[in-house]
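Below is coords.txt, holding compact mmCIF, C-alpha atoms.
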# COMPACT_ATOMS: atom_id res chain seq x y z
CA MET I 12 22.54 0.99 -27.71
CA THR I 13 23.49 0.86 -24.03
CA LYS I 14 20.63 -0.01 -21.70
CA ALA I 15 19.76 2.63 -19.14
CA THR I 16 20.34 0.10 -16.37
CA GLU I 17 23.88 -0.50 -17.67
CA SER I 18 24.80 3.15 -18.26
CA ASP I 19 27.62 4.69 -16.26
CA SER I 20 26.71 6.13 -12.89
CA HIS I 21 26.37 9.90 -12.59
CA TYR I 22 28.92 9.65 -9.79
CA ASN I 23 32.59 8.71 -9.90
CA SER I 24 35.36 7.85 -7.43
CA LEU I 25 32.82 6.39 -5.02
CA GLU I 26 35.61 4.94 -2.92
CA ASP I 27 36.83 8.46 -2.19
CA MET I 28 33.48 9.70 -0.89
CA SER I 29 32.77 10.05 2.81
CA VAL I 30 30.02 7.93 4.31
CA ALA I 31 27.85 11.04 4.54
CA ASP I 32 28.34 11.77 0.83
CA LEU I 33 27.64 8.16 -0.15
CA LEU I 34 24.38 8.13 1.78
CA THR I 35 23.32 11.58 0.57
CA ASN I 36 23.95 10.73 -3.06
CA MET I 37 22.23 7.36 -2.88
CA ASN I 38 19.24 9.01 -1.24
CA LYS I 39 19.22 11.66 -3.95
CA GLU I 40 19.02 8.96 -6.61
CA ASP I 41 16.36 7.00 -4.74
CA LYS I 42 14.11 10.07 -4.67
CA THR I 43 13.81 9.91 -8.46
CA VAL I 44 12.15 6.47 -8.44
CA PRO I 45 8.55 7.49 -7.56
CA ASP I 46 8.64 10.15 -10.28
CA ALA I 47 9.72 7.53 -12.80
CA ILE I 48 6.87 5.26 -11.72
CA GLU I 49 4.35 8.09 -12.00
CA LYS I 50 5.00 8.21 -15.74
CA SER I 51 3.79 4.60 -16.05
CA LEU I 52 0.69 4.67 -13.86
CA LYS I 53 -1.57 4.17 -16.86
CA GLU I 54 0.31 1.03 -17.88
CA ILE I 55 0.09 -0.31 -14.32
CA GLU I 56 -3.63 0.42 -14.29
CA THR I 57 -4.10 -1.48 -17.54
CA LEU I 58 -2.25 -4.49 -16.15
CA VAL I 59 -4.22 -4.52 -12.90
CA SER I 60 -7.49 -4.19 -14.82
CA GLU I 61 -6.52 -7.30 -16.78
CA ILE I 62 -5.69 -9.31 -13.66
CA VAL I 63 -8.77 -8.61 -11.51
CA PRO I 64 -11.56 -10.12 -13.63
CA LYS I 65 -9.50 -13.24 -14.25
CA MET I 66 -8.86 -13.72 -10.54
CA LYS I 67 -12.55 -13.20 -9.81
CA GLN I 68 -13.13 -16.24 -12.02
CA GLY I 69 -10.57 -18.32 -10.14
CA GLY I 70 -7.38 -17.27 -11.91
CA ARG I 71 -4.02 -16.78 -10.24
CA LEU I 72 -1.18 -14.28 -10.46
CA PHE I 73 2.34 -15.48 -11.19
CA TYR I 74 5.58 -13.52 -10.85
CA LEU I 75 8.58 -14.82 -12.77
CA GLY I 76 12.13 -13.49 -12.49
CA ALA I 77 15.82 -14.14 -11.92
CA GLY I 78 18.17 -12.84 -9.22
CA THR I 79 16.96 -9.73 -7.42
CA SER I 80 13.89 -9.50 -9.66
CA GLY I 81 12.87 -13.06 -8.84
CA ARG I 82 13.40 -12.53 -5.12
CA LEU I 83 11.26 -9.40 -5.14
CA GLY I 84 8.44 -11.31 -6.81
CA ILE I 85 8.67 -14.05 -4.20
CA VAL I 86 8.61 -11.49 -1.38
CA ASP I 87 5.47 -9.85 -2.74
CA ALA I 88 3.74 -13.18 -3.34
CA SER I 89 4.64 -14.48 0.12
CA GLU I 90 3.20 -11.37 1.78
CA CYS I 91 -0.26 -11.71 0.22
CA PRO I 92 -1.57 -14.59 2.40
CA PRO I 93 -0.74 -13.00 5.79
CA THR I 94 -1.77 -9.51 4.67
CA PHE I 95 -5.00 -10.33 2.86
CA GLY I 96 -5.88 -13.78 4.17
CA VAL I 97 -5.80 -15.40 0.74
CA PRO I 98 -4.65 -18.94 -0.12
CA HIS I 99 -0.96 -19.39 -0.84
CA ASP I 100 -1.64 -20.35 -4.44
CA TRP I 101 -3.43 -17.12 -5.39
CA VAL I 102 -0.16 -15.26 -5.95
CA VAL I 103 2.93 -17.33 -6.78
CA GLY I 104 6.53 -16.20 -7.15
CA LEU I 105 8.98 -18.23 -9.24
CA ILE I 106 12.73 -17.67 -9.54
CA ALA I 107 15.30 -18.98 -12.03
CA GLY I 108 17.28 -21.72 -10.32
CA GLY I 109 14.48 -22.73 -7.95
CA ASP I 110 14.09 -22.04 -4.25
CA SER I 111 17.83 -22.38 -3.57
CA ALA I 112 18.34 -19.25 -5.70
CA ILE I 113 16.39 -17.20 -3.16
CA ARG I 114 19.43 -17.18 -0.87
CA LYS I 115 22.30 -17.99 -3.20
CA ALA I 116 22.79 -17.10 -6.86
CA VAL I 117 22.55 -20.06 -9.25
CA GLU I 118 24.99 -19.52 -12.11
CA PHE I 119 23.50 -19.17 -15.60
CA ALA I 120 20.00 -20.22 -14.42
CA GLU I 121 18.52 -17.09 -15.95
CA ASP I 122 19.96 -17.95 -19.38
CA ASP I 123 17.73 -21.01 -19.87
CA LEU I 124 15.07 -20.01 -22.40
CA GLU I 125 12.85 -23.03 -21.64
CA GLN I 126 13.00 -23.42 -17.85
CA GLY I 127 10.60 -20.59 -17.01
CA TRP I 128 7.79 -22.27 -18.91
CA LYS I 129 8.68 -25.64 -17.37
CA ASP I 130 8.38 -24.06 -13.92
CA LEU I 131 4.96 -22.64 -14.79
CA LEU I 132 3.78 -26.00 -16.12
CA GLU I 133 4.15 -27.45 -12.63
CA TYR I 134 1.28 -25.16 -11.62
CA LYS I 135 -0.90 -26.13 -14.60
CA VAL I 136 -1.34 -22.53 -15.76
CA THR I 137 -4.53 -21.71 -17.66
CA GLU I 138 -6.10 -18.84 -19.58
CA LEU I 139 -7.51 -17.49 -16.31
CA ASP I 140 -4.00 -16.90 -14.95
CA THR I 141 -1.77 -13.87 -15.44
CA VAL I 142 2.02 -14.16 -15.64
CA ILE I 143 4.16 -11.10 -14.91
CA GLY I 144 7.82 -11.28 -15.89
CA ILE I 145 10.16 -9.17 -13.76
CA ALA I 146 13.52 -8.22 -15.27
CA ALA I 147 15.38 -4.98 -14.68
CA SER I 148 17.40 -5.48 -17.86
CA GLY I 149 14.38 -6.55 -19.88
CA SER I 150 16.39 -9.27 -21.59
CA THR I 151 16.35 -12.27 -19.22
CA PRO I 152 15.88 -15.46 -21.31
CA TYR I 153 14.25 -17.38 -18.42
CA VAL I 154 11.48 -14.79 -18.35
CA ILE I 155 11.18 -14.06 -22.07
CA GLY I 156 10.88 -17.74 -22.98
CA ALA I 157 8.08 -18.23 -20.46
CA LEU I 158 6.16 -15.17 -21.63
CA ASN I 159 6.40 -16.27 -25.26
CA GLU I 160 4.96 -19.66 -24.36
CA CYS I 161 2.16 -18.01 -22.37
CA ASN I 162 1.29 -15.75 -25.29
CA SER I 163 1.01 -18.73 -27.61
CA ARG I 164 -1.52 -20.27 -25.21
CA ASN I 165 -3.59 -17.13 -24.66
CA ILE I 166 -2.36 -16.68 -21.09
CA ALA I 167 -2.20 -12.97 -20.18
CA THR I 168 1.34 -11.64 -19.79
CA GLY I 169 2.73 -8.52 -18.18
CA CYS I 170 6.19 -7.33 -17.23
CA ILE I 171 8.05 -4.95 -14.95
CA THR I 172 11.32 -3.76 -16.41
CA CYS I 173 13.57 -0.74 -16.07
CA ASN I 174 14.56 -0.23 -19.71
CA LYS I 175 12.40 1.38 -22.37
CA GLY I 176 12.08 -0.54 -25.62
CA SER I 177 13.21 -3.76 -23.94
CA LYS I 178 12.79 -7.27 -25.35
CA ILE I 179 10.55 -8.26 -22.47
CA GLY I 180 8.48 -5.14 -23.09
CA GLU I 181 7.94 -6.25 -26.67
CA VAL I 182 6.93 -9.76 -25.64
CA ALA I 183 4.59 -8.92 -22.74
CA LYS I 184 1.02 -8.04 -23.70
CA PHE I 185 0.76 -5.57 -20.82
CA PRO I 186 4.24 -4.10 -20.28
CA VAL I 187 5.27 -1.75 -17.49
CA GLU I 188 8.60 -0.07 -18.23
CA ILE I 189 10.01 2.12 -15.44
CA GLU I 190 13.19 3.82 -16.61
CA VAL I 191 15.03 4.95 -13.50
CA GLY I 192 18.30 5.70 -15.30
CA PRO I 193 21.86 4.75 -14.31
CA GLU I 194 22.43 3.13 -10.93
CA PHE I 195 24.57 4.76 -8.24
CA VAL I 196 26.94 1.80 -8.61
CA THR I 197 27.00 1.18 -12.35
CA GLY I 198 24.84 -1.80 -13.29
CA SER I 199 23.79 -2.63 -9.73
CA THR I 200 20.09 -3.09 -10.41
CA ARG I 201 19.40 -4.16 -6.84
CA MET I 202 19.36 -0.42 -6.13
CA LYS I 203 17.00 1.99 -7.97
CA SER I 204 15.70 -0.69 -10.32
CA GLY I 205 14.97 -3.01 -7.43
CA THR I 206 13.25 -0.21 -5.55
CA ALA I 207 11.08 0.57 -8.57
CA GLN I 208 10.14 -3.09 -9.00
CA LYS I 209 9.27 -3.44 -5.31
CA LEU I 210 7.05 -0.35 -5.40
CA VAL I 211 5.24 -1.47 -8.55
CA LEU I 212 4.72 -4.97 -7.14
CA ASN I 213 3.23 -3.42 -4.00
CA MET I 214 0.90 -1.33 -6.15
CA ILE I 215 -0.20 -4.28 -8.28
CA SER I 216 -0.88 -6.80 -5.51
CA THR I 217 -2.47 -4.28 -3.15
CA SER I 218 -4.80 -2.77 -5.76
CA VAL I 219 -5.73 -6.26 -6.99
CA MET I 220 -6.56 -7.43 -3.48
CA ILE I 221 -8.62 -4.31 -2.76
CA GLN I 222 -10.54 -4.90 -5.99
CA LEU I 223 -11.12 -8.50 -4.89
CA GLY I 224 -12.69 -7.27 -1.65
CA ARG I 225 -9.86 -8.21 0.69
CA VAL I 226 -9.76 -4.74 2.31
CA LYS I 227 -12.68 -2.95 3.99
CA GLY I 228 -12.48 0.80 4.42
CA ASN I 229 -8.72 0.97 4.79
CA LYS I 230 -8.30 -2.08 7.02
CA MET I 231 -6.80 -5.54 6.42
CA VAL I 232 -9.91 -7.32 7.69
CA ASP I 233 -8.75 -10.73 6.45
CA MET I 234 -5.15 -10.60 7.72
CA GLN I 235 -3.76 -13.71 9.38
CA LEU I 236 -3.52 -13.46 13.17
CA SER I 237 -0.01 -14.86 13.23
CA ASN I 238 1.54 -12.91 16.10
CA ASN I 239 0.60 -10.84 19.16
CA LYS I 240 1.01 -7.54 17.31
CA LEU I 241 -1.52 -8.56 14.67
CA VAL I 242 -3.93 -9.95 17.26
CA ASP I 243 -3.76 -6.61 19.08
CA ARG I 244 -4.27 -4.70 15.83
CA GLY I 245 -7.20 -6.91 14.90
CA THR I 246 -8.74 -6.55 18.36
CA ARG I 247 -8.69 -2.77 18.10
CA MET I 248 -10.21 -2.97 14.63
CA VAL I 249 -13.06 -5.08 16.01
CA MET I 250 -13.53 -2.64 18.91
CA LYS I 251 -13.81 0.24 16.46
CA GLN I 252 -16.51 -1.53 14.46
CA THR I 253 -18.49 -2.77 17.47
CA ASP I 254 -19.34 -1.79 21.06
CA LEU I 255 -17.08 -4.45 22.54
CA GLU I 256 -14.38 -3.87 25.13
CA TYR I 257 -10.83 -5.08 24.48
CA GLU I 258 -10.88 -8.53 26.10
CA GLU I 259 -14.28 -9.46 24.68
CA ALA I 260 -13.30 -8.22 21.22
CA LYS I 261 -10.07 -10.21 21.41
CA ALA I 262 -11.88 -13.39 22.45
CA ILE I 263 -14.37 -13.14 19.59
CA LEU I 264 -11.59 -12.30 17.13
CA LEU I 265 -9.61 -15.38 18.10
CA SER I 266 -12.72 -17.50 18.03
CA GLU I 267 -13.82 -16.33 14.58
CA GLY I 268 -10.31 -16.17 13.11
CA SER I 269 -10.51 -12.82 11.32
CA VAL I 270 -11.62 -9.24 11.82
CA ARG I 271 -14.18 -9.59 9.06
CA LYS I 272 -15.86 -12.63 10.62
CA ALA I 273 -15.70 -11.17 14.12
CA VAL I 274 -17.45 -7.97 13.04
CA GLU I 275 -20.01 -9.83 10.94
CA CYS I 276 -20.72 -12.08 13.91
CA GLN I 277 -21.55 -9.05 16.05
CA ASN I 278 -23.61 -7.30 13.40
CA LYS I 279 -25.99 -10.21 12.71

Target format structure tokens, applied to this file:
Amino acid sequence: MTKATESDSHYNSLEDMSVADLLTNMNKEDKTVPDAIEKSLKEIETLVSEIVPKMKQGGRLFYLGAGTSGRLGIVDASECPPTFGVPHDWVVGLIAGGDSAIRKAVEFAEDDLEQGWKDLLEYKVTELDTVIGIAASGSTPYVIGALNECNSRNIATGCITCNKGSKIGEVAKFPVEIEVGPEFVTGSTRMKSGTAQKLVLNMISTSVMIQLGRVKGNKMVDMQLSNNKLVDRGTRMVMKQTDLEYEEAKAILLSEGSVRKAVECQNK
């Protein structure tokens, strides 16, 4: 049976389309992604509900993938420390072929059934950790091998894939299968599939961090103050929560290092 991600595009003769038609048709396909995700919200909720209590006990979240899927996991993991002020080892992204594969494809790296687990071993994974395999096709050996090993050691496993009834979906204890259908360019899973994976990763990490208390109200009170824009944003957040004027709020923010600490300092 042909995988949905490998099915022929609904469009043909793409090279004959005008730029306007190409953009319109791609946009039309992209609009279907949120609807596809909506059908799997319950599965995403189940996965998040598995992650949170483990992380409250000191567990970590691992993303594991190859190619585009691996890069998306790394992007999401790398954004958690600056956004939520958490240590870099709370959420970890691993990619087949190692860090060099982030920028340049490493041939056949994803076909190694044992390497994914070897990569996880470097982090001394435990039963408090959760490992999410990301694979649009749902058949990536690098990911499947790692999830199988995790299962045998009672380490929670999830997945994000874009094919129903996939191998990775069978292996993962908490699967999320988002079937977005054929890509605009046949088989190019960096398109709708990649968009779906990115959105689901955003949902998982953000909801987990909110549940862990890293957001207050609707504000990133623990964000890293790594540039002038974020310092300005943080200053205005402090102003809103206190009676301080801009310069005083900014000084206290920089002194305390976070919005949360600056506000708590003023409310003592």

I'd like a table as a Markdown table: residues in region 75-110 of chain I with an atom no more than 10 Å from region 186-201 of chain I, each row giving the shortest atom pair and its distance in Å to one decimal, only C-alpha atoms counted, sorted by chain and rising residue number.
| residue | atom | partner | partner_atom | distance |
| --- | --- | --- | --- | --- |
| I:Gly78 | CA | I:Arg201 | CA | 9.1 |
| I:Thr79 | CA | I:Arg201 | CA | 6.1 |
| I:Ser80 | CA | I:Arg201 | CA | 8.2 |
| I:Leu83 | CA | I:Arg201 | CA | 9.8 |

Q.
Can you tell me which residues surround Ser24 (chain I) at a distance of at most 12 Å, considering only C-alpha atoms, apart from same-chain residues fewer than 2 positions away, and format the answer as an NGL selection string?
A. :I and (20-22 or 26-29 or 32-33 or 195-197)

Q. Which distance in Å separates CA of Val86 (chain I) and CA of Lys209 (chain I), to one decimal?
A.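 Pair CA of Val86 (chain I) / CA of Lys209 (chain I) returns 9.0 Å.
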
(Q) Taking 4 positions as the minimum chain separation for residues in the same chain, which residues sit within 9 Å of region 105-120 of chain I when counting all atoms listed in the file? Answer as a PyMOL selection string. (A) chain I and resi 73-82+84-85+126-127+130-131+153-154

Q: May I have the residues at most 12 Å from (-9.7, -8.7, -11.0) in the file's coordinates, counting all atoms listed in the file, as a PyMOL selection string?
A: chain I and resi 56-72+101+139-141+215-225

Filtering to C-alpha atoms, could you give me those residues as a PDB file, in the coordinates of the input?
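Output (out27.pdb):
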ATOM      1  CA  GLU I  56      -3.630   0.420 -14.290  1.00  0.00           C
ATOM      2  CA  THR I  57      -4.100  -1.480 -17.540  1.00  0.00           C
ATOM      3  CA  LEU I  58      -2.250  -4.490 -16.150  1.00  0.00           C
ATOM      4  CA  VAL I  59      -4.220  -4.520 -12.900  1.00  0.00           C
ATOM      5  CA  SER I  60      -7.490  -4.190 -14.820  1.00  0.00           C
ATOM      6  CA  GLU I  61      -6.520  -7.300 -16.780  1.00  0.00           C
ATOM      7  CA  ILE I  62      -5.690  -9.310 -13.660  1.00  0.00           C
ATOM      8  CA  VAL I  63      -8.770  -8.610 -11.510  1.00  0.00           C
ATOM      9  CA  PRO I  64     -11.560 -10.120 -13.630  1.00  0.00           C
ATOM     10  CA  LYS I  65      -9.500 -13.240 -14.250  1.00  0.00           C
ATOM     11  CA  MET I  66      -8.860 -13.720 -10.540  1.00  0.00           C
ATOM     12  CA  LYS I  67     -12.550 -13.200  -9.810  1.00  0.00           C
ATOM     13  CA  GLN I  68     -13.130 -16.240 -12.020  1.00  0.00           C
ATOM     14  CA  GLY I  69     -10.570 -18.320 -10.140  1.00  0.00           C
ATOM     15  CA  GLY I  70      -7.380 -17.270 -11.910  1.00  0.00           C
ATOM     16  CA  ARG I  71      -4.020 -16.780 -10.240  1.00  0.00           C
ATOM     17  CA  LEU I  72      -1.180 -14.280 -10.460  1.00  0.00           C
ATOM     18  CA  TRP I 101      -3.430 -17.120  -5.390  1.00  0.00           C
ATOM     19  CA  LEU I 139      -7.510 -17.490 -16.310  1.00  0.00           C
ATOM     20  CA  ASP I 140      -4.000 -16.900 -14.950  1.00  0.00           C
ATOM     21  CA  THR I 141      -1.770 -13.870 -15.440  1.00  0.00           C
ATOM     22  CA  ILE I 215      -0.200  -4.280  -8.280  1.00  0.00           C
ATOM     23  CA  SER I 216      -0.880  -6.800  -5.510  1.00  0.00           C
ATOM     24  CA  THR I 217      -2.470  -4.280  -3.150  1.00  0.00           C
ATOM     25  CA  SER I 218      -4.800  -2.770  -5.760  1.00  0.00           C
ATOM     26  CA  VAL I 219      -5.730  -6.260  -6.990  1.00  0.00           C
ATOM     27  CA  MET I 220      -6.560  -7.430  -3.480  1.00  0.00           C
ATOM     28  CA  ILE I 221      -8.620  -4.310  -2.760  1.00  0.00           C
ATOM     29  CA  GLN I 222     -10.540  -4.900  -5.990  1.00  0.00           C
ATOM     30  CA  LEU I 223     -11.120  -8.500  -4.890  1.00  0.00           C
ATOM     31  CA  GLY I 224     -12.690  -7.270  -1.650  1.00  0.00           C
ATOM     32  CA  ARG I 225      -9.860  -8.210   0.690  1.00  0.00           C
TER      33      ARG I 225
END

Q) When distances are computed from only C-alpha atoms, which of I:Ala146, I:Val249, I:Leu255, I:Ala157 shows the smallest separation from Thr172 (chain I)? A) I:Ala146

(Q) For a quick check of understanding, using only C-alpha atoms, which of I:Cys91, I:Ile48, I:Ile166, I:Ile171 has the smallest distance to Met234 (chain I)? (A) I:Cys91

**Q.** Distance criterion (only C-alpha atoms): nearest to Glu267 (chain I) out of I:Lys175, I:Gln208, I:Leu236, I:Val44
**A.**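 Comparing I:Lys175, I:Gln208, I:Leu236, I:Val44 against Glu267 (chain I), the winner is I:Leu236.
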
**Q.** Among listed residues I:Ala167, I:Cys161, I:Ile155, I:Val30, nearest Glu181 (chain I) (using all atoms listed in the file)
**A.** I:Ile155

Q) Separation of CA of Val142 (chain I) and CA of Pro93 (chain I), in Å? A)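 Interatomic distance here is 21.6 Å.
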
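Nearest to Gly228 (chain I) of all the residues I:Asn162, I:Thr16, I:Thr137, I:Gln252 is I:Gln252, based on only C-alpha atoms.
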
Q: Within 8 Å of Pro152 (chain I), counting only C-alpha atoms, which residues show up once you throw out same-chain ones fewer than 4 positions away? Write them as a list in words, please.
A: Glu121, Asp122, Asp123, Leu124 and Gly156 of chain I

(Q) Would you compute the distance between CA of Ala31 (chain I) and CA of Ala147 (chain I)? Give it in Å to one decimal. (A)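 If I compute the distance from CA of Ala31 (chain I) to CA of Ala147 (chain I), I get 28.0 Å.
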
Q) Got a sec to check which residues sit within 6 Å of (1.6, -7.3, -16.9), counting only C-alpha atoms, and write them as number ranges by chain? A) I: 58, 143, 168-170, 185-186

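Shell of Glu258 (chain I) at 12 Å, with only C-alpha atoms counted and residues fewer than 5 places along the chain excluded, is Val242, Asp243, Gly245, Thr246, Arg247, Val249, Met250, Ile263, Leu264 and Leu265 of chain I.
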
Coordinates of box centre and edge lengths for region 54-65 of chain I, 5 Å on every side, axis-aligned, as AutoDock Vina command-line options:
--center_x -5.6 --center_y -6.1 --center_z -14.7 --size_x 21.9 --size_y 24.3 --size_z 16.4

Neighbour list for Thr13 (chain I) as a compact mmCIF listing (two decimals) with C-alpha atoms, in the coordinates of the input, cut-off 10 Å, all atoms listed in the file, skip fewer than 5 positions in-chain:
# COMPACT_ATOMS: atom_id res chain seq x y z
CA SER I 18 24.80 3.15 -18.26
CA ASP I 19 27.62 4.69 -16.26
CA ASN I 174 14.56 -0.23 -19.71

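Considering the residues I:Asp233, I:Ser269, I:Arg244, I:Val103 and counting only C-alpha atoms, Tyr257 (chain I) has its shortest atom-to-atom contact with I:Arg244.
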